[in-house]
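Note: the block below is target.cif and it holds mmCIF, C-alpha atoms.
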data_model
#
loop_
_atom_site.label_atom_id
_atom_site.label_comp_id
_atom_site.auth_asym_id
_atom_site.auth_seq_id
_atom_site.Cartn_x
_atom_site.Cartn_y
_atom_site.Cartn_z
CA MET P 1 40.60 51.50 5.55
CA ARG P 2 44.23 50.89 4.59
CA THR P 3 46.80 51.72 7.24
CA ARG P 4 50.55 51.97 7.28
CA SER P 5 52.63 52.49 10.40
CA ASN P 6 55.75 54.70 10.50
CA TYR P 7 55.25 55.74 6.91
CA GLY P 8 57.02 59.10 7.21
CA ILE P 9 57.46 61.45 4.26
CA ILE P 10 58.62 60.30 0.84
CA GLY P 11 61.60 62.45 -0.10
CA THR P 12 63.38 63.08 -3.38
CA THR P 13 65.43 59.90 -2.93
CA GLN P 14 62.20 57.94 -3.49
CA THR P 15 62.63 55.44 -0.68
CA GLN P 16 60.19 54.21 1.91
CA SER P 17 61.07 55.41 5.42
CA GLY P 18 59.27 52.61 7.23
CA THR P 19 57.56 49.26 6.93
CA SER P 20 54.04 48.04 7.48
CA THR P 21 53.18 45.63 10.26
CA SER P 22 49.75 45.17 8.70
CA ARG P 23 51.25 44.09 5.35
CA ILE P 24 48.90 46.52 3.56
CA TYR P 25 50.72 49.14 1.54
CA SER P 26 49.94 52.48 -0.01
CA VAL P 27 49.84 53.28 -3.71
CA ASP P 28 52.98 55.37 -3.14
CA ASP P 29 54.83 52.30 -1.87
CA GLN P 30 53.95 50.35 -4.99
CA ARG P 31 54.84 53.28 -7.27
CA ILE P 32 58.21 53.74 -5.59
CA SER P 33 59.04 50.04 -5.73
CA GLN P 34 58.49 50.06 -9.48
CA GLN P 35 60.59 53.23 -9.95
CA ASN P 36 63.47 51.71 -8.02
CA GLY P 37 63.09 48.29 -9.59
CA THR P 38 62.94 46.63 -6.16
CA TRP P 39 60.27 45.49 -3.75
CA PRO P 40 61.37 45.63 -0.08
CA SER P 41 62.00 42.14 1.28
CA ALA P 42 59.92 42.92 4.35
CA TYR P 43 56.89 43.30 2.08
CA GLY P 44 57.22 39.84 0.54
CA GLY P 45 56.82 38.72 -3.06
CA ILE P 46 53.46 39.06 -4.79
CA PHE P 47 52.53 36.97 -7.82
CA SER P 48 49.67 35.25 -9.55
CA ILE P 49 49.86 31.45 -9.63
CA THR P 50 48.04 29.07 -11.97
CA PRO P 51 46.58 26.67 -11.03
CA SER P 52 45.69 28.16 -7.67
CA VAL P 53 47.28 26.93 -4.43
CA SER P 54 45.18 26.51 -1.27
CA GLY P 55 42.37 28.34 -3.06
CA LYS P 56 44.59 31.35 -3.82
CA SER P 57 45.26 32.56 -7.36
CA THR P 58 47.42 35.41 -5.99
CA TRP P 59 50.16 34.61 -3.49
CA ASN P 60 51.81 37.16 -1.20
CA THR P 61 54.70 35.68 0.75
CA GLY P 62 54.50 38.56 3.23
CA VAL P 63 50.95 37.47 4.14
CA ASP P 64 50.61 33.86 3.01
CA GLY P 65 54.13 32.73 3.94
CA PRO P 66 56.46 30.58 1.86
CA LEU P 67 55.07 28.85 -1.22
CA THR P 68 55.30 25.04 -0.96
CA LEU P 69 54.41 22.77 -3.90
CA SER P 70 54.68 19.12 -2.91
CA THR P 71 52.69 17.18 -5.50
CA ALA P 72 53.61 16.48 -9.11
CA GLY P 73 52.45 19.10 -11.57
CA THR P 74 53.19 22.36 -13.38
CA TRP P 75 52.45 25.91 -12.19
CA THR P 76 52.80 29.30 -13.88
CA ILE P 77 53.91 32.31 -11.82
CA VAL P 78 53.61 35.97 -12.92
CA PRO P 79 54.92 38.54 -10.39
CA SER P 80 53.14 41.86 -9.93
CA VAL P 81 56.26 43.41 -8.31
CA ASN P 82 60.00 42.91 -8.55
CA PHE P 83 61.33 40.84 -5.67
CA SER P 84 64.12 38.47 -4.67
CA ALA P 85 63.44 34.99 -3.27
CA THR P 86 65.29 31.86 -2.25
CA MET P 87 64.10 28.63 -3.84
CA SER P 88 64.79 25.09 -2.63
CA MET P 89 63.77 21.98 -4.53
CA TRP P 90 64.03 18.18 -4.55
CA GLY P 91 63.69 15.84 -7.50
CA ALA P 92 61.38 12.83 -7.30
CA GLY P 93 62.43 9.38 -6.10
CA GLY P 94 62.77 6.36 -8.37
CA GLY P 95 60.15 3.62 -8.49
CA SER P 96 60.37 -0.09 -7.79
CA GLY P 97 58.81 -3.06 -9.57
CA THR P 98 57.62 -6.51 -8.53
CA GLN P 99 61.09 -8.10 -8.62
CA THR P 100 63.44 -5.21 -8.03
CA GLY P 101 65.81 -3.41 -5.76
CA THR P 102 65.28 0.14 -4.46
CA GLY P 103 64.99 3.27 -6.58
CA GLY P 104 67.38 6.20 -6.33
CA GLY P 105 66.75 9.23 -4.12
CA GLY P 106 66.00 12.68 -5.51
CA GLY P 107 68.60 15.43 -5.79
CA TYR P 108 68.51 18.89 -4.19
CA SER P 109 69.12 22.41 -5.52
CA THR P 110 68.80 25.81 -3.86
CA GLY P 111 69.65 29.44 -4.58
CA THR P 112 68.35 33.00 -4.82
CA PHE P 113 66.70 34.52 -7.89
CA SER P 114 65.47 38.04 -8.77
CA PHE P 115 61.91 37.96 -10.12
CA THR P 116 60.76 40.60 -12.60
CA SER P 117 57.27 42.08 -12.54
CA GLY P 118 55.17 40.91 -15.49
CA ALA P 119 57.54 38.09 -16.52
CA THR P 120 56.33 34.49 -16.79
CA TYR P 121 57.95 31.67 -14.83
CA VAL P 122 57.16 27.96 -14.84
CA VAL P 123 57.62 25.53 -11.95
CA ARG P 124 57.63 21.77 -12.48
CA VAL P 125 57.44 19.39 -9.52
CA GLY P 126 58.66 15.93 -10.52
CA GLN P 127 56.51 12.84 -10.30
CA GLY P 128 57.79 9.78 -8.48
CA GLY P 129 58.96 6.96 -10.72
CA ARG P 130 56.42 4.20 -11.21
CA ALA P 131 56.48 0.45 -11.79
CA GLY P 132 55.91 -0.74 -15.35
CA ALA P 133 53.92 2.33 -16.31
CA GLY P 134 56.03 4.17 -18.88
CA GLY P 135 57.54 7.63 -18.49
CA THR P 136 56.67 9.91 -15.61
CA ALA P 137 55.56 13.53 -15.87
CA GLY P 138 58.43 15.89 -15.29
CA GLY P 139 60.95 14.08 -17.46
CA GLY P 140 61.64 10.84 -15.61
CA GLY P 141 62.34 7.80 -17.77
CA GLY P 142 59.78 5.06 -17.43
CA SER P 143 59.86 1.28 -17.21
CA GLY P 144 58.92 -1.12 -19.98
CA ASP P 145 58.42 -4.02 -17.58
CA VAL P 146 56.26 -4.29 -14.47
CA ASN P 147 59.18 -6.09 -12.80
CA ARG P 148 61.31 -2.91 -12.96
CA GLY P 149 61.06 0.67 -11.73
CA GLY P 150 60.63 3.95 -13.60
CA GLY P 151 62.85 6.98 -13.03
CA GLY P 152 61.71 9.93 -10.93
CA GLY P 153 61.00 13.25 -12.62
CA TYR P 154 63.06 16.40 -12.12
CA THR P 155 61.80 19.44 -10.23
CA GLY P 156 62.67 22.63 -12.08
CA PHE P 157 62.23 26.38 -12.42
CA PHE P 158 62.09 28.00 -15.87
CA VAL P 159 61.60 31.38 -17.50
CA THR P 160 58.78 31.69 -20.08
CA SER P 161 58.38 27.99 -20.85
CA GLU P 162 59.61 24.55 -19.83
CA THR P 163 62.61 23.91 -22.06
CA GLN P 164 66.20 23.09 -21.24
CA ALA P 165 67.35 26.44 -22.68
CA ASN P 166 64.97 28.27 -20.33
CA ALA P 167 65.99 26.35 -17.20
CA ARG P 168 67.21 28.39 -14.25
CA MET P 169 67.31 25.71 -11.53
CA ILE P 170 66.78 21.95 -11.59
CA ALA P 171 66.94 19.14 -9.01
CA GLY P 172 67.45 15.75 -10.66
CA GLY P 173 65.24 12.72 -10.14
CA GLY P 174 66.41 9.31 -8.95
CA GLY P 175 66.79 6.35 -11.28
CA GLY P 176 64.34 3.46 -11.22
CA ALA P 177 65.20 0.14 -9.61
CA GLY P 178 66.46 -2.69 -11.76
CA GLY P 179 65.90 -6.31 -10.86
CA ASP P 180 66.10 -10.01 -11.41
CA ALA P 181 63.39 -11.63 -13.49
CA ASN P 182 63.81 -14.79 -11.40
CA ASN P 183 63.39 -12.84 -8.15
CA THR P 184 66.68 -14.02 -6.72
CA ALA P 185 69.63 -12.12 -5.29
CA ALA P 186 70.43 -9.83 -8.24
CA ILE P 187 68.43 -6.79 -7.16
CA GLU P 188 69.68 -3.51 -8.52
CA GLN P 189 69.81 -0.02 -6.97
CA GLY P 190 68.76 3.02 -8.98
CA GLY P 191 71.22 5.93 -8.95
CA ALA P 192 70.40 9.07 -6.97
CA GLY P 193 69.67 12.30 -8.83
CA GLY P 194 71.03 15.81 -8.52
CA GLY P 195 74.35 17.62 -8.45
CA SER P 196 76.49 18.37 -11.47
CA SER P 197 76.22 14.66 -12.32
CA GLY P 198 73.55 12.18 -11.30
CA GLU P 199 74.66 8.96 -9.67
CA GLN P 200 75.11 5.86 -11.83
CA GLY P 201 72.86 2.86 -11.38
CA SER P 202 74.40 0.16 -9.22
CA PRO P 203 74.15 -3.43 -10.46
CA SER P 204 75.11 -6.14 -8.00
CA ALA P 205 75.94 -8.76 -10.63
CA SER P 206 77.75 -6.82 -13.35
CA SER P 207 80.32 -4.09 -13.90
CA THR P 208 77.97 -2.38 -16.39
CA HIS P 209 76.45 0.73 -14.89
CA PRO P 210 73.81 3.01 -16.45
CA GLY P 211 75.32 6.47 -16.19
CA GLY P 212 73.96 9.56 -14.50
CA GLY P 213 73.15 12.70 -16.46
CA THR P 214 75.83 15.42 -16.54
CA GLN P 215 75.94 19.10 -17.49
CA SER P 216 76.51 18.29 -21.14
CA ALA P 217 74.98 14.88 -21.93
CA GLY P 218 72.57 12.21 -20.81
CA GLY P 219 73.85 9.18 -18.94
CA ALA P 220 74.69 6.15 -21.06
CA GLY P 221 72.42 3.13 -20.93
CA ALA P 222 73.56 -0.36 -19.98
CA GLY P 223 72.11 -3.63 -21.22
CA GLY P 224 70.04 -4.67 -24.19
CA GLY P 225 67.16 -2.37 -25.08
CA SER P 226 68.48 0.53 -23.02
CA GLY P 227 69.63 3.92 -24.21
CA SER P 228 71.12 7.20 -23.07
CA GLY P 229 69.24 9.94 -21.31
CA SER P 230 68.56 13.24 -23.08
CA ALA P 231 67.74 16.87 -22.29
CA LEU P 232 65.39 16.85 -19.26
CA THR P 233 64.47 13.18 -19.83
CA GLY P 234 65.73 9.87 -18.51
CA ASN P 235 65.87 6.89 -20.84
CA SER P 236 63.05 4.37 -20.76
CA GLY P 237 64.81 1.03 -20.54
CA LEU P 238 63.59 -1.89 -18.47
CA SER P 239 64.54 0.36 -15.57
CA GLY P 240 64.20 4.07 -16.24
CA GLY P 241 66.71 6.86 -15.79
CA GLY P 242 65.80 9.87 -13.65
CA GLY P 243 64.90 13.19 -15.24
CA GLY P 244 67.22 16.17 -14.90
CA TYR P 245 69.06 18.89 -16.77
CA TYR P 246 70.22 15.79 -18.60
CA GLY P 247 68.49 12.52 -17.78
CA GLY P 248 70.04 9.29 -16.58
CA GLY P 249 70.65 6.22 -18.70
CA GLY P 250 68.22 3.32 -18.68
CA GLY P 251 68.93 -0.19 -17.50
CA GLY P 252 68.36 -2.87 -20.13
CA ASP P 253 68.36 -6.65 -20.31
CA ASN P 254 71.63 -8.16 -19.11
CA GLY P 255 70.30 -11.71 -19.18
CA ALA P 256 68.73 -12.63 -15.86
CA TYR P 257 68.55 -9.09 -14.59
CA ALA P 258 68.36 -5.38 -15.47
CA PRO P 259 70.60 -2.82 -13.74
CA GLY P 260 69.06 0.19 -12.02
CA GLY P 261 68.68 3.41 -13.99
CA GLY P 262 71.04 6.37 -13.60
CA GLY P 263 70.03 9.57 -11.82
CA GLY P 264 69.34 12.85 -13.60
CA SER P 265 71.63 15.84 -13.10
CA GLY P 266 70.84 19.10 -11.31
CA TYR P 267 71.45 22.56 -12.75
CA LEU P 268 72.06 26.17 -11.69
CA HIS P 269 71.92 29.05 -14.18
CA SER P 270 74.26 32.04 -13.84
CA SER P 271 71.27 34.16 -12.72
CA ILE P 272 71.06 32.08 -9.51
CA THR P 273 73.11 33.48 -6.63
CA ASN P 274 74.33 31.61 -3.55
CA GLY P 275 73.32 28.41 -5.26
CA THR P 276 74.22 24.77 -4.65
CA THR P 277 73.11 21.57 -6.32
CA THR P 278 73.66 18.29 -4.49
CA THR P 279 73.51 14.63 -5.48
CA GLY P 280 71.76 12.12 -3.24
CA SER P 281 73.42 8.88 -2.18
CA GLY P 282 71.79 5.67 -3.38
CA SER P 283 68.30 5.53 -1.90
CA THR P 284 68.90 8.60 0.31
CA PRO P 285 67.76 11.94 -1.14
CA ALA P 286 70.17 14.87 -0.99
CA GLN P 287 69.76 17.14 2.06
CA SER P 288 67.65 14.38 3.58
CA GLY P 289 67.67 15.98 7.05
CA SER P 290 66.10 19.27 5.93
CA SER P 291 62.98 20.26 7.88
CA ILE P 292 61.47 21.52 4.61
CA ARG P 293 61.75 18.24 2.71
CA GLY P 294 59.38 15.95 4.57
CA THR P 295 59.35 12.75 2.46
CA ALA P 296 59.89 14.43 -0.91
CA GLY P 297 62.32 12.56 -3.15
CA ASN P 298 62.16 9.28 -1.24
CA PRO P 299 62.34 6.28 -3.59
CA ARG P 300 60.26 3.15 -3.50
CA THR P 301 62.14 0.46 -1.60
CA THR P 302 62.41 -3.30 -1.97
CA ALA P 303 60.62 -3.74 1.36
CA GLN P 304 57.68 -1.62 0.18
CA GLY P 305 57.24 -3.70 -2.97
CA ALA P 306 56.18 -2.49 -6.40
CA GLY P 307 55.03 1.10 -6.61
CA ALA P 308 55.92 4.74 -7.11
CA GLY P 309 58.64 6.79 -5.52
CA ASN P 310 57.66 10.03 -3.79
CA ASP P 311 57.10 13.21 -5.77
CA GLY P 312 59.56 16.09 -5.59
CA LEU P 313 59.08 19.44 -3.83
CA PHE P 314 59.44 23.16 -4.63
CA TYR P 315 59.77 25.77 -1.85
CA LEU P 316 60.00 29.57 -2.28
CA THR P 317 60.55 32.06 0.50
CA THR P 318 61.39 35.76 0.76
#

Represent the structure contained in this file as structure tokens.
Amino acid sequence: MRTRSNYGIIGTTQTQSGTSTSRIYSVDDQRISQQNGTWPSAYGGIFSITPSVSGKSTWNTGVDGPLTLSTAGTWTIVPSVNFSATMSMWGAGGGSGTQTGTGGGGGYSTGTFSFTSGATYVVRVGQGGRAGAGGTAGGGGGSGDVNRGGGGGYTGFFVTSETQANARMIAGGGGGAGGDANNTAAIEQGGAGGGSSGEQGSPSASSTHPGGGTQSAGGAGAGGGSGSGSALTGNSGLSGGGGGYYGGGGGGDNGAYAPGGGGGSGYLHSSITNGTTTTGSGSTPAQSGSSIRGTAGNPRTTAQGAGAGNDGLFYLTT
């Protein structure tokens, strides 16, 4: 039997006069919410999610709590009610190769968005940059050389489909680590992702820096065989640029070494309210002290040796 405490009488103003402690609501509540175009925040957001999360194909934030997606992949969300939610996200960290420095940390973006019943939304959680394994899912530029690191993928939120034109919020991924083919002192830091511009790669033996993605263009590459980032995608040089609204430039061959890739940029659409997008700092992800983040966006470090950076994270709460 469905129950609802303090439900009162629905008047001509068509508003609910109480809330439910049981989180089970009457048909009248649902009808009124659709007439008004709003779903009371106390009731939570309700949406289908594909693939399912924790065995649930329908998620109700009022019952199931915040939605947290912390592994690389793509999910489709279709709300069954109108609701407003705050989203927070981190891009993935850059990877490191066998003879490299440390990858760049992932960027951070947050803000509030109004979801529309029946609309389709896509969430992408970026994959950590890898060593010598080509491009990463989620837009991160890859590495053409096992000695270098691939760029981390962006984490993003889109309407209808995953294209730059449909982006509503993005957190940029960190650039992959560059390195010295002779395994000496020239080890190169990947640039951090996020913010209006991703951070440039940081070579220790040259003034040539792969650029970070911006709001209007991909970061420029540096060194032979490198190139500029593009929409959503970091360049795949010897060291890869991070994915983002625009991806970071790749690090190419500068003789004995390759510079680290640039970070990808973050993004906030005009439909996002109270939003911020923040760039990390070198190997440190943006908003690194957040209790939500865990280890999301951490890059692979020189001390850890060759391997992948950490995946990004997407968090939604009402």

(request) List the residues selected by the PyMOL selection byres ((chain P and resi 265) around 7) in the file shown, writing them as a PyMOL selection string. (result) chain P and resi 172+193-198+212-215+244-247+263-264+266-267

(request) Check the smallest atom-to-atom distance from each of P:Ile77, P:Ala256, P:Ala165, P:Ala85 to Gly44 of chain P using all atoms listed in the file, then report the winner. (result) P:Ala85

(request) Go through P:Ser236, P:Ser228, P:Asn274, P:Ser48 one by one, measure the shortest atom-to-atom distance of each to Thr61 of chain P using all atoms listed in the file, and give the residue with the smallest value. (result) P:Ser48

(message) Here's the selection I'm unsure about, the PyMOL selection byres ((chain P and resi 117) around 7); applied to the file above, which residues does it give, as a ChimeraX atom specification?
(response) /P:79-82,115-116,118-119

Those same residues, written as a PDB file, in the coordinates of the input with C-alpha atoms?
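In the end it all went to again_4.pdb:
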ATOM      1  CA  PRO P  79      54.920  38.540 -10.390  1.00  0.00           C
ATOM      2  CA  SER P  80      53.140  41.860  -9.930  1.00  0.00           C
ATOM      3  CA  VAL P  81      56.260  43.410  -8.310  1.00  0.00           C
ATOM      4  CA  ASN P  82      60.000  42.910  -8.550  1.00  0.00           C
ATOM      5  CA  PHE P 115      61.910  37.960 -10.120  1.00  0.00           C
ATOM      6  CA  THR P 116      60.760  40.600 -12.600  1.00  0.00           C
ATOM      7  CA  GLY P 118      55.170  40.910 -15.490  1.00  0.00           C
ATOM      8  CA  ALA P 119      57.540  38.090 -16.520  1.00  0.00           C
TER       9      ALA P 119
END

(request) Can you work out the spacing between atom CA of Gly221 of chain P and atom CA of Gly312 of chain P in Å, to one decimal? (result)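 It comes out at 23.8 Å.
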
(message) Restricting the calculation to only C-alpha atoms: of P:Ser96, P:Thr318, P:Ser290, P:Thr74, which residue gets closest to Ile49 of chain P?
(response)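 Ranked by minimum distance to Ile49 of chain P, first place goes to P:Thr74.
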
(request) Find the residue from P:Gly62, P:Gly103, P:Gly261, P:Pro51 that sits nearest to Ala303 of chain P; use all atoms listed in the file when measuring. (result)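 Of the candidates, the smallest distance to Ala303 of chain P is held by P:Gly103.
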
(request) Identify all residues satisfying the PyMOL selection byres ((chain P and resi 89) around 9) in the given file; provide them as a ChimeraX atom specification. (result) /P:87-88,90-91,107-110,125,155-156,169-171,293,312-316

(message) List as a ChimeraX atom specification the protein and nucleic acid residues near Gly178 of chain P, meaning an atom at most 8 Å away when all atoms listed in the file are counted, but skip any in the same chain fewer than 2 places from it.
(response) /P:96-97,100-102,148-149,176,180,187-190,203,238-239,251,257-261

Let me see the file: selected residues, C-alpha atoms, as a CSV table (one decimal), in the frame of the given file.
chain,number,residue,atom,x,y,z
P,96,SER,CA,60.4,-0.1,-7.8
P,97,GLY,CA,58.8,-3.1,-9.6
P,100,THR,CA,63.4,-5.2,-8.0
P,101,GLY,CA,65.8,-3.4,-5.8
P,102,THR,CA,65.3,0.1,-4.5
P,148,ARG,CA,61.3,-2.9,-13.0
P,149,GLY,CA,61.1,0.7,-11.7
P,176,GLY,CA,64.3,3.5,-11.2
P,180,ASP,CA,66.1,-10.0,-11.4
P,187,ILE,CA,68.4,-6.8,-7.2
P,188,GLU,CA,69.7,-3.5,-8.5
P,189,GLN,CA,69.8,0.0,-7.0
P,190,GLY,CA,68.8,3.0,-9.0
P,203,PRO,CA,74.2,-3.4,-10.5
P,238,LEU,CA,63.6,-1.9,-18.5
P,239,SER,CA,64.5,0.4,-15.6
P,251,GLY,CA,68.9,-0.2,-17.5
P,257,TYR,CA,68.6,-9.1,-14.6
P,258,ALA,CA,68.4,-5.4,-15.5
P,259,PRO,CA,70.6,-2.8,-13.7
P,260,GLY,CA,69.1,0.2,-12.0
P,261,GLY,CA,68.7,3.4,-14.0

(request) Can you work out which one of P:Gly219, P:Ser161, P:Gly106, P:Ser57 has the shortest atom-to-atom distance to Gln287 of chain P, counting all atoms listed in the file? (result) P:Gly106

(request) For atom CA of Leu232 of chain P and atom CA of Ala92 of chain P, determine how far apart the two atoms are, in Å to one decimal place. (result) 13.2 Å

(request) Please measure the separation of atom CA of Arg124 of chain P and atom CA of Ser52 of chain P, giving the value in Å to one decimal. (result)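 Straight-line distance from atom CA of Arg124 of chain P to atom CA of Ser52 of chain P works out to 14.4 Å.
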
Box for segment 282-285 of chain P: with edges along x, y and z, all listed atoms inside and 5 Å added on each side, what are the centre and edge lengths in Å to one decimal, as AutoDock Vina command-line options?
--center_x 69.8 --center_y 8.7 --center_z -1.5 --size_x 14.0 --size_y 16.4 --size_z 13.7

(request) Considering all atoms listed in the file, state which residue in the set P:Thr317, P:Thr279, P:Thr71, P:Ser226 is at the smallest distance from Gly240 of chain P. (result)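 Closest residue, counting all atoms listed in the file: P:Ser226.
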
Do a neighbour search on Ala220 of chain P at 9 Å with all atoms listed in the file, toss out local chain neighbours closer than 4 positions, and write the hits as a CSV table (one decimal) with C-alpha atoms, in the frame of the given file.
chain,number,residue,atom,x,y,z
P,209,HIS,CA,76.4,0.7,-14.9
P,210,PRO,CA,73.8,3.0,-16.4
P,211,GLY,CA,75.3,6.5,-16.2
P,212,GLY,CA,74.0,9.6,-14.5
P,213,GLY,CA,73.2,12.7,-16.5
P,226,SER,CA,68.5,0.5,-23.0
P,227,GLY,CA,69.6,3.9,-24.2
P,228,SER,CA,71.1,7.2,-23.1
P,229,GLY,CA,69.2,9.9,-21.3
P,235,ASN,CA,65.9,6.9,-20.8
P,248,GLY,CA,70.0,9.3,-16.6
P,249,GLY,CA,70.6,6.2,-18.7
P,250,GLY,CA,68.2,3.3,-18.7
P,262,GLY,CA,71.0,6.4,-13.6
